[in-house]
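Taking it in order: structure first as structure tokens, then the write-up.
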Amino acid sequence: MTAQLIDGRARAEHLKADVAREVKQLTADGIGCGLATVIVGEDYRAAAYEGRLARIAAELGLPHRRLVLPATTTQTDLLAQVRLLNDDPSVTGILVLRPLPAHISEAEVFRSLSPMKDIEAVHPENAGLLALGTPRYVPSTAASVFHVLDEWLDSVGEDRPAFYHRSLVVVVGRSNNVGKPAVSLAYERGAAVESVDEWASRTGRLGWHTRRADVLIVAAGVPGLIRSEHVRAGAVVLDVGINPMRDSNTGAVRMVGDVDTEDVLPRARAVTPVPGGIGPVTDVWLLRNTVTAARNAAQAQPSSVSAEKEWSRP
Ligand SMILES: NC(=O)C1=CN([C@@H]2O[C@H](COP(=O)(O)OP(=O)(O)OC[C@H]3O[C@@H](n4cnc5c(N)ncnc54)[C@H](OP(=O)(O)O)[C@@H]3O)[C@@H](O)[C@H]2O)C=CC1
Ligand SMILES: Nc1nc(=O)c2c([nH]1)NC[C@@H]1CN(c3ccc(C(=O)N[C@@H](CCC(=O)O)C(=O)O)cc3)C=[N+]21
């Protein structure tokens, strides 16, 4: 068997057309929408993601404001900046990029976000709603993993509920941003779920877990962690990892996943590549959540949400 490579870019384009329609409808309804992204310090992955969001937001005509703060920013200053964004009615969605510098508590910053503007569902209220199966916002990376999987199941004629009910989903990596939300979404679909972290690797049990997976979701941030010996024949493998690798000869940086795709292809049923798999869908989903947040804001306070002049409207 040679696995099917799932085309995330094509999925992202479909989704982008939906979001473009939603943005037009917002404008027609006179509802303002504004995404604010916050980066503290320098990180290649965060900068790459933010750059992609900026480009697609411009393409969709969705106002975007960037806040780039130095790595020396104190937690107090960052919390003050978040407060300003919370209080600004022209900002309807806020994304604080990870990683934050080590001297800043990510949990404190996420807790300081206005829950209605927390488009990644990292505030405890939104994370709780997600865990209870009643999300306000579905975090974009996990949402993209299951969007890609659901659509792929449709494309091969699998009945979604039947597939999930008979499947074991194993999630490698359990960050609050990616791994844990993915577990919640797998629960919601009625799958059996297993979650492993770095201890599974350290204790030599990673393969024992992953080889039982019908669906293997990998979000560890370790290039090439998963090889064919970790994969059950006929499994569906979703590679979330985005890891910058510098070519020692040319100096060029390219992104690689957590899965050794070439090695896994002959064994799996379907695999998402990196680049071109989950990543492009994540970008669009985040903007989709931004649109949802604008609608939520308008419903909460109909008169206060209108686009302001300071926005760079593309
Ligand atoms: N494609 C996309 O759209 C996105 C991709 N990413 C990428 O996904 C990856 C994960 O991101 P994120 O969740 O934020 O990362 P974090 O570093 O926050 O979390 C990584 C998780 O993986 C676990 N882990 C680390 N090493 C191993 C190992 N050897 N074996 C098993 N588990 C391991 C960690 O375990 P422990 O808890 O024990 O430390 C932790 O739970 C990164 O490459 C990131 O760039 C992130 C967001 C979006
Ligand atoms: N709070 C927070 N949330 C995040 O979701 C988050 C974050 N911080 N910090 C950084 C990581 C990284 N990340 C990416 C998502 C998509 C692509 C993406 O679309 N990549 C393309 C292009 C890759 C390339 O440049 O070759 C692809 O996979 O095809 C990249 C990177 C989100 N992250």
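If you're wondering about the labels, chains in the structure tokens are A, B, ... by order shown, residues count from 1 in each chain, ligands from 1 in order shown.
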
Mind running chain A against ligand 1 at 8 Å and telling me each contacting residue's nearest atom pair with the distance in Å (one decimal), counting only C-alpha atoms and all ligand atoms, chain and number ascending, as a Markdown table?
```
| residue | atom | partner | partner_atom_place_in_ligand_line | distance |
| --- | --- | --- | --- | --- |
| A:Arg45 | CA | ligand 1 | 45 (O) | 6.2 |
| A:Arg98 | CA | ligand 1 | 14 (O) | 7.2 |
| A:Pro99 | CA | ligand 1 | 14 (O) | 7.9 |
| A:Ser140 | CA | ligand 1 | 3 (O) | 7.4 |
| A:Thr141 | CA | ligand 1 | 3 (O) | 4.7 |
| A:Ser144 | CA | ligand 1 | 3 (O) | 7.5 |
| A:Val172 | CA | ligand 1 | 32 (N) | 5.4 |
| A:Gly173 | CA | ligand 1 | 22 (O) | 3.3 |
| A:Arg174 | CA | ligand 1 | 41 (O) | 3.7 |
| A:Ser175 | CA | ligand 1 | 13 (O) | 4.4 |
| A:Asn176 | CA | ligand 1 | 13 (O) | 7.0 |
| A:Asn177 | CA | ligand 1 | 13 (O) | 5.8 |
| A:Val178 | CA | ligand 1 | 13 (O) | 4.7 |
| A:Gly179 | CA | ligand 1 | 13 (O) | 5.9 |
| A:Val196 | CA | ligand 1 | 32 (N) | 6.2 |
| A:Asp197 | CA | ligand 1 | 32 (N) | 3.7 |
| A:Glu198 | CA | ligand 1 | 32 (N) | 3.5 |
| A:Trp199 | CA | ligand 1 | 38 (O) | 5.8 |
| A:Ala200 | CA | ligand 1 | 31 (C) | 5.8 |
| A:Ser201 | CA | ligand 1 | 30 (N) | 4.6 |
| A:Arg202 | CA | ligand 1 | 29 (N) | 7.2 |
| A:Leu206 | CA | ligand 1 | 30 (N) | 6.7 |
| A:Val218 | CA | ligand 1 | 9 (C) | 7.8 |
| A:Ala219 | CA | ligand 1 | 10 (C) | 4.2 |
| A:Ala220 | CA | ligand 1 | 22 (O) | 3.3 |
| A:Gly221 | CA | ligand 1 | 43 (O) | 3.2 |
| A:Val222 | CA | ligand 1 | 26 (N) | 5.9 |
| A:Pro223 | CA | ligand 1 | 43 (O) | 7.7 |
| A:Leu225 | CA | ligand 1 | 29 (N) | 6.6 |
| A:Asp239 | CA | ligand 1 | 1 (N) | 7.4 |
| A:Val240 | CA | ligand 1 | 1 (N) | 4.2 |
| A:Gly241 | CA | ligand 1 | 43 (O) | 3.6 |
| A:Ile242 | CA | ligand 1 | 43 (O) | 4.0 |
| A:Asn243 | CA | ligand 1 | 43 (O) | 5.0 |
| A:Gly257 | CA | ligand 1 | 43 (O) | 6.8 |
| A:Asp258 | CA | ligand 1 | 43 (O) | 6.8 |
| A:Gly277 | CA | ligand 1 | 1 (N) | 7.5 |
| A:Ile278 | CA | ligand 1 | 1 (N) | 4.9 |
| A:Gly279 | CA | ligand 1 | 1 (N) | 3.8 |
| A:Pro280 | CA | ligand 1 | 3 (O) | 7.0 |
| A:Val281 | CA | ligand 1 | 3 (O) | 7.2 |
| A:Thr282 | CA | ligand 1 | 3 (O) | 4.7 |
| A:Asp283 | CA | ligand 1 | 3 (O) | 7.1 |
```

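On the backbone of this structure, DSSP gives strand (DSSP E or B) within region 157-268 of chain A to Leu168, Val169, Val170, Val171, Val172, Ala192, Val193, Glu194, Ser195, Val196, Val215, Leu216, Ile217, Val218, Ile226, Val236, Val237, Leu238, Asp239, Asn243, Pro244, Met245, Arg246, Val253, Arg254, Met255, Val256 and Val259 of chain A.
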
- Message: So that I can see what lies close to Ala17 (chain A), please list as a VMD selection string the residues with an atom at most 12 Å from it, counting only C-alpha atoms and leaving out residues fewer than 5 positions away in the same chain.
- Response: chain A and resid 10 to 12 22 to 24 56 59 to 60 284 to 285 287 to 288

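Across A:Met116, A:Ala162, A:Met245, A:Ile6, the tightest approach to Leu149 (chain A) is made by A:Ile6 when counting only C-alpha atoms.
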
- Item | 12 Å contact set for Ser105 (chain A), only C-alpha atoms, chain neighbours under 5 positions out, as a ChimeraX atom specification | /A:74-76,78-79,98-100,110-112

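Considering the residues A:His14, A:Ala131, A:Pro70, A:Val19 and counting only C-alpha atoms, Glu42 (chain A) has its shortest atom-to-atom contact with A:Pro70.
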